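> Input structure: final-v9.tsv, which contains TSV, C-alpha atoms.
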```
chain	number	residue	atom	x	y	z
A	8	MET	CA	-3.75	-6.96	-14.33
A	9	THR	CA	-0.26	-6.56	-12.85
A	10	SER	CA	0.34	-5.83	-9.18
A	11	THR	CA	1.42	-2.29	-10.08
A	12	GLN	CA	-1.80	-1.72	-12.00
A	13	LYS	CA	-3.87	-3.08	-9.11
A	14	LEU	CA	-2.10	-0.69	-6.76
A	15	LYS	CA	-2.75	2.22	-9.12
A	16	TRP	CA	-6.41	1.18	-9.26
A	17	ALA	CA	-6.62	1.26	-5.45
A	18	ILE	CA	-4.92	4.67	-5.36
A	19	LEU	CA	-7.38	6.01	-7.92
A	20	LEU	CA	-10.31	4.75	-5.86
A	21	ALA	CA	-8.83	6.27	-2.69
A	22	SER	CA	-8.53	9.63	-4.44
A	23	GLY	CA	-12.20	9.67	-5.41
A	24	GLN	CA	-11.23	10.66	-8.96
A	25	PRO	CA	-12.47	7.96	-11.33
A	26	GLU	CA	-15.90	6.54	-11.78
A	27	PHE	CA	-15.71	2.80	-12.40
A	28	ASN	CA	-18.73	0.58	-12.91
A	29	PRO	CA	-19.56	-0.98	-9.52
A	30	GLY	CA	-18.62	-4.64	-9.35
A	31	GLU	CA	-16.66	-4.46	-12.58
A	32	ALA	CA	-12.87	-4.28	-12.71
A	33	PRO	CA	-11.41	-1.73	-15.12
A	34	THR	CA	-9.11	-2.87	-17.89
A	35	PRO	CA	-5.36	-2.40	-17.40
A	36	GLU	CA	-5.45	0.21	-20.16
A	37	GLN	CA	-8.18	2.18	-18.35
A	38	VAL	CA	-6.19	2.11	-15.12
A	39	GLU	CA	-3.02	3.34	-16.83
A	40	GLU	CA	-4.86	6.12	-18.68
A	41	LEU	CA	-6.76	7.33	-15.61
A	42	TYR	CA	-3.66	7.11	-13.41
A	43	GLN	CA	-1.69	9.20	-15.91
A	44	GLN	CA	-4.45	11.84	-15.81
A	45	PHE	CA	-4.49	11.65	-12.02
A	46	THR	CA	-0.76	12.45	-11.77
A	47	ASP	CA	-1.57	15.92	-13.15
A	48	THR	CA	-3.98	16.77	-10.30
A	49	ASP	CA	-3.27	18.57	-7.03
A	50	ASP	CA	-4.49	15.58	-4.99
A	51	HIS	CA	-1.87	13.27	-6.47
A	52	TYR	CA	0.88	13.67	-3.86
A	53	ASP	CA	-1.51	13.70	-0.89
A	54	THR	CA	-3.17	10.46	-1.98
A	55	LEU	CA	0.19	8.82	-2.68
A	56	SER	CA	1.47	9.88	0.72
A	57	GLU	CA	-1.61	8.43	2.44
A	58	SER	CA	-1.40	5.17	0.49
A	59	ARG	CA	2.37	4.62	0.75
A	60	GLY	CA	2.27	3.27	4.31
A	61	GLY	CA	-0.07	0.42	3.37
A	62	GLU	CA	-2.76	-1.13	5.55
A	63	LEU	CA	-0.71	-3.77	7.38
A	64	GLU	CA	2.93	-4.50	8.06
A	65	THR	CA	4.06	-7.94	6.86
A	66	ASP	CA	6.87	-10.21	7.99
A	67	ILE	CA	8.33	-10.39	4.48
A	68	GLU	CA	11.93	-9.21	4.24
A	69	SER	CA	12.00	-5.66	2.87
A	70	GLU	CA	14.36	-4.09	0.39
A	71	TYR	CA	17.46	-2.48	1.84
A	72	SER	CA	18.50	1.15	1.53
A	73	ARG	CA	21.56	2.53	3.21
A	74	HIS	CA	19.86	5.93	3.50
A	75	TYR	CA	16.45	4.94	4.88
A	76	SER	CA	14.82	2.45	7.19
A	77	SER	CA	12.33	0.13	5.53
A	78	ARG	CA	9.60	-2.38	6.21
A	79	SER	CA	7.30	-4.48	4.07
A	80	VAL	CA	3.66	-3.43	3.99
A	81	ALA	CA	0.54	-4.68	2.25
A	82	ALA	CA	-2.93	-3.52	1.27
A	83	LYS	CA	-6.04	-5.32	0.12
A	84	MET	CA	-6.95	-4.39	-3.43
A	85	PRO	CA	-10.45	-3.68	-4.78
A	86	ASP	CA	-10.57	-7.16	-6.35
A	87	GLY	CA	-9.84	-8.82	-2.98
A	88	SER	CA	-6.20	-9.69	-3.70
A	89	TRP	CA	-3.29	-8.47	-1.59
A	90	ILE	CA	-0.37	-6.42	-2.89
A	91	GLY	CA	2.85	-5.72	-1.00
A	92	TRP	CA	5.69	-3.23	-1.34
A	93	THR	CA	8.57	-1.74	0.63
A	94	TYR	CA	7.78	1.32	2.74
A	95	PHE	CA	10.84	3.53	3.20
A	96	TYR	CA	10.95	6.02	6.07
A	97	GLY	CA	13.39	8.04	8.15
A	98	GLY	CA	16.52	9.44	6.60
A	99	GLY	CA	17.03	12.38	8.91
A	100	LYS	CA	16.40	16.06	8.44
A	101	HIS	CA	17.10	16.19	4.73
A	102	GLY	CA	15.79	12.74	3.83
A	103	GLU	CA	12.99	12.29	1.34
A	104	PRO	CA	11.88	8.66	1.66
A	105	GLY	CA	8.67	9.48	-0.22
A	106	THR	CA	10.69	9.81	-3.40
A	107	MET	CA	11.80	6.18	-3.30
A	108	PRO	CA	10.03	4.02	-5.91
A	109	TRP	CA	7.34	1.81	-4.45
A	110	ILE	CA	4.42	1.55	-6.86
A	111	GLU	CA	6.62	0.12	-9.62
A	112	ASP	CA	8.11	-2.40	-7.17
A	113	ALA	CA	4.77	-3.76	-5.89
A	114	TYR	CA	4.34	-7.52	-5.77
A	115	ASP	CA	1.46	-9.98	-5.39
A	116	LEU	CA	0.97	-11.58	-2.00
A	117	GLU	CA	-0.81	-14.64	-0.78
A	118	CYS	CA	-2.58	-13.95	2.49
A	119	LYS	CA	-4.07	-16.58	4.76
A	120	GLU	CA	-6.33	-15.10	7.40
A	121	GLU	CA	-7.26	-17.08	10.50
A	122	GLU	CA	-9.41	-15.93	13.37
A	123	LYS	CA	-8.02	-17.16	16.70
A	124	LEU	CA	-9.27	-16.87	20.25
A	125	VAL	CA	-6.53	-15.63	22.56
A	126	VAL	CA	-6.61	-15.58	26.35
A	127	VAL	CA	-4.37	-12.95	27.93
A	128	ARG	CA	-3.71	-13.02	31.69
A	129	THR	CA	-2.27	-10.12	33.62
A	130	TRP	CA	-0.98	-10.87	37.12
A	131	ALA	CA	-0.45	-8.57	40.10
A	132	LYS	CA	-0.02	-9.09	43.86
A	133	LYS	CA	-3.02	-8.30	46.02
A	134	GLY	CA	-2.84	-5.65	48.66
```
Kindly return the structure encoded in the file as structure tokens.


Amino acid sequence: MTSTQKLKWAILLASGQPEFNPGEAPTPEQVEELYQQFTDTDDHYDTLSESRGGELETDIESEYSRHYSSRSVAAKMPDGSWIGWTYFYGGGKHGEPGTMPWIEDAYDLECKEEEKLVVVRTWAKKG
């Protein structure tokens, strides 16, 4: 499954629309067919808007747009993999950053997670 198809799968699950067999990944063809049907629903734009910002911001260099600010974001997919894309925002009063392509430009990410113990000290003078 491509990164774009994985992202569409996650969007479909977030919308509550499809019924997939638990523990079983859909085929790429199923994802494409169900996503196409989903684009005709009223929930389509709301779910896309909620998903577009991703789960986490990454330190990967984002695409450039002279009209919008951008940052790279990522989300964990239903199969446990990570997918990244560029989140465009800003643009002023008449800007529409939500119209910028992002699903089609998704890419696979490798994510290494480490749990670390951090000690933070805050100092202040007494009295």

> Show which residues sit within 12 Å of Glu31 of chain A, as a PDB file with C-alpha atoms, in the coordinates of the input. Count all atoms listed in the file, and ignore same-chain residues fewer than 5 positions away.


```pdb
ATOM      1  CA  GLU A  26     -15.900   6.540 -11.780  1.00  0.00           C
ATOM      2  CA  PRO A  85     -10.450  -3.680  -4.780  1.00  0.00           C
ATOM      3  CA  ASP A  86     -10.570  -7.160  -6.350  1.00  0.00           C
TER       4      ASP A  86
END
```

> Quick check, in Å to one decimal: how far apart do atom CA of Lys13 of chain A and atom CA of Ala113 of chain A lie?

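A separation of 9.2 Å between them.
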
> Pick out the residues sitting within 12 Å of segment 67-72 of chain A, and hand them over as a tab-separated table (two decimals) with C-alpha atoms, keeping the file's coordinate frame; count all atoms listed in the file, and ignore anything fewer than 2 positions along from it in its own chain.


```tsv
chain	number	residue	atom	x	y	z
A	63	LEU	CA	-0.71	-3.77	7.38
A	64	GLU	CA	2.93	-4.50	8.06
A	65	THR	CA	4.06	-7.94	6.86
A	74	HIS	CA	19.86	5.93	3.50
A	75	TYR	CA	16.45	4.94	4.88
A	76	SER	CA	14.82	2.45	7.19
A	77	SER	CA	12.33	0.13	5.53
A	78	ARG	CA	9.60	-2.38	6.21
A	79	SER	CA	7.30	-4.48	4.07
A	80	VAL	CA	3.66	-3.43	3.99
A	81	ALA	CA	0.54	-4.68	2.25
A	91	GLY	CA	2.85	-5.72	-1.00
A	92	TRP	CA	5.69	-3.23	-1.34
A	93	THR	CA	8.57	-1.74	0.63
A	94	TYR	CA	7.78	1.32	2.74
A	95	PHE	CA	10.84	3.53	3.20
A	96	TYR	CA	10.95	6.02	6.07
A	97	GLY	CA	13.39	8.04	8.15
A	98	GLY	CA	16.52	9.44	6.60
A	104	PRO	CA	11.88	8.66	1.66
A	107	MET	CA	11.80	6.18	-3.30
A	108	PRO	CA	10.03	4.02	-5.91
A	109	TRP	CA	7.34	1.81	-4.45
A	112	ASP	CA	8.11	-2.40	-7.17
A	113	ALA	CA	4.77	-3.76	-5.89
A	114	TYR	CA	4.34	-7.52	-5.77
A	116	LEU	CA	0.97	-11.58	-2.00
A	117	GLU	CA	-0.81	-14.64	-0.78
A	118	CYS	CA	-2.58	-13.95	2.49
```

> Take atom CA of Ala82 of chain A and atom CA of Asp47 of chain A and report the distance between them in Å, one decimal.

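Atom-to-atom, atom CA of Ala82 of chain A to atom CA of Asp47 of chain A, that is 24.2 Å.
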
> Go ahead and compute the interatomic distance for atom CA of Arg73 of chain A and atom CA of Gly105 of chain A, in Å to one decimal.

15.0 Å

> Excluding Gln12 of chain A and residues on its chain fewer than 4 positions from it, collect all residues at most 12 Å away from it, counting only C-alpha atoms, and give them as a list in words.

Met8, Trp16, Ala17, Ile18, Leu19, Ala32, Pro33, Thr34, Pro35, Glu36, Gln37, Val38, Glu39, Glu40, Leu41, Tyr42, Gln43, Met84, Pro85, Asp86, Ile90, Ile110, Glu111, Asp112, Ala113, Tyr114 and Asp115 of chain A

> Return the padded bounding box of segment 100-107 of chain A as lines of an AutoDock Vina configuration file: axis-aligned, built from all atoms listed in the file, 3 Å added on each side, with centre and edge lengths in Å to one decimal.


```
center_x = 12.9
center_y = 11.2
center_z = 2.5
size_x = 14.4
size_y = 16.0
size_z = 17.8
```

> Just add N, CA and C atoms to segment 14-25 of chain A and send it as an mmCIF file, in the coordinates of the input.


```cif
data_model
loop_
_atom_site.group_PDB
_atom_site.id
_atom_site.type_symbol
_atom_site.label_atom_id
_atom_site.label_comp_id
_atom_site.auth_asym_id
_atom_site.auth_seq_id
_atom_site.Cartn_x
_atom_site.Cartn_y
_atom_site.Cartn_z
ATOM 1 N N LEU A 14 -2.412 -1.713 -7.742
ATOM 2 C CA LEU A 14 -2.100 -0.690 -6.760
ATOM 3 C C LEU A 14 -2.527 0.693 -7.270
ATOM 4 N N LYS A 15 -2.297 0.951 -8.532
ATOM 5 C CA LYS A 15 -2.750 2.220 -9.120
ATOM 6 C C LYS A 15 -4.269 2.323 -9.079
ATOM 7 N N TRP A 16 -4.953 1.227 -9.327
ATOM 8 C CA TRP A 16 -6.410 1.180 -9.260
ATOM 9 C C TRP A 16 -6.882 1.547 -7.851
ATOM 10 N N ALA A 17 -6.257 0.960 -6.840
ATOM 11 C CA ALA A 17 -6.620 1.260 -5.450
ATOM 12 C C ALA A 17 -6.345 2.715 -5.106
ATOM 13 N N ILE A 18 -5.245 3.261 -5.603
ATOM 14 C CA ILE A 18 -4.920 4.670 -5.360
ATOM 15 C C ILE A 18 -5.948 5.571 -6.019
ATOM 16 N N LEU A 19 -6.343 5.230 -7.232
ATOM 17 C CA LEU A 19 -7.380 6.010 -7.920
ATOM 18 C C LEU A 19 -8.687 5.998 -7.140
ATOM 19 N N LEU A 20 -9.080 4.840 -6.639
ATOM 20 C CA LEU A 20 -10.310 4.750 -5.860
ATOM 21 C C LEU A 20 -10.201 5.555 -4.565
ATOM 22 N N ALA A 21 -9.035 5.515 -3.920
ATOM 23 C CA ALA A 21 -8.830 6.270 -2.690
ATOM 24 C C ALA A 21 -8.893 7.774 -2.926
ATOM 25 N N SER A 22 -8.529 8.188 -4.126
ATOM 26 C CA SER A 22 -8.530 9.630 -4.440
ATOM 27 C C SER A 22 -9.928 10.150 -4.729
ATOM 28 N N GLY A 23 -10.848 9.241 -5.062
ATOM 29 C CA GLY A 23 -12.200 9.670 -5.410
ATOM 30 C C GLY A 23 -12.299 10.217 -6.815
ATOM 31 N N GLN A 24 -11.258 10.100 -7.609
ATOM 32 C CA GLN A 24 -11.230 10.660 -8.960
ATOM 33 C C GLN A 24 -12.080 9.905 -9.976
ATOM 34 N N PRO A 25 -11.804 8.627 -10.213
ATOM 35 C CA PRO A 25 -12.470 7.960 -11.330
ATOM 36 C C PRO A 25 -13.836 7.412 -10.961
#
```
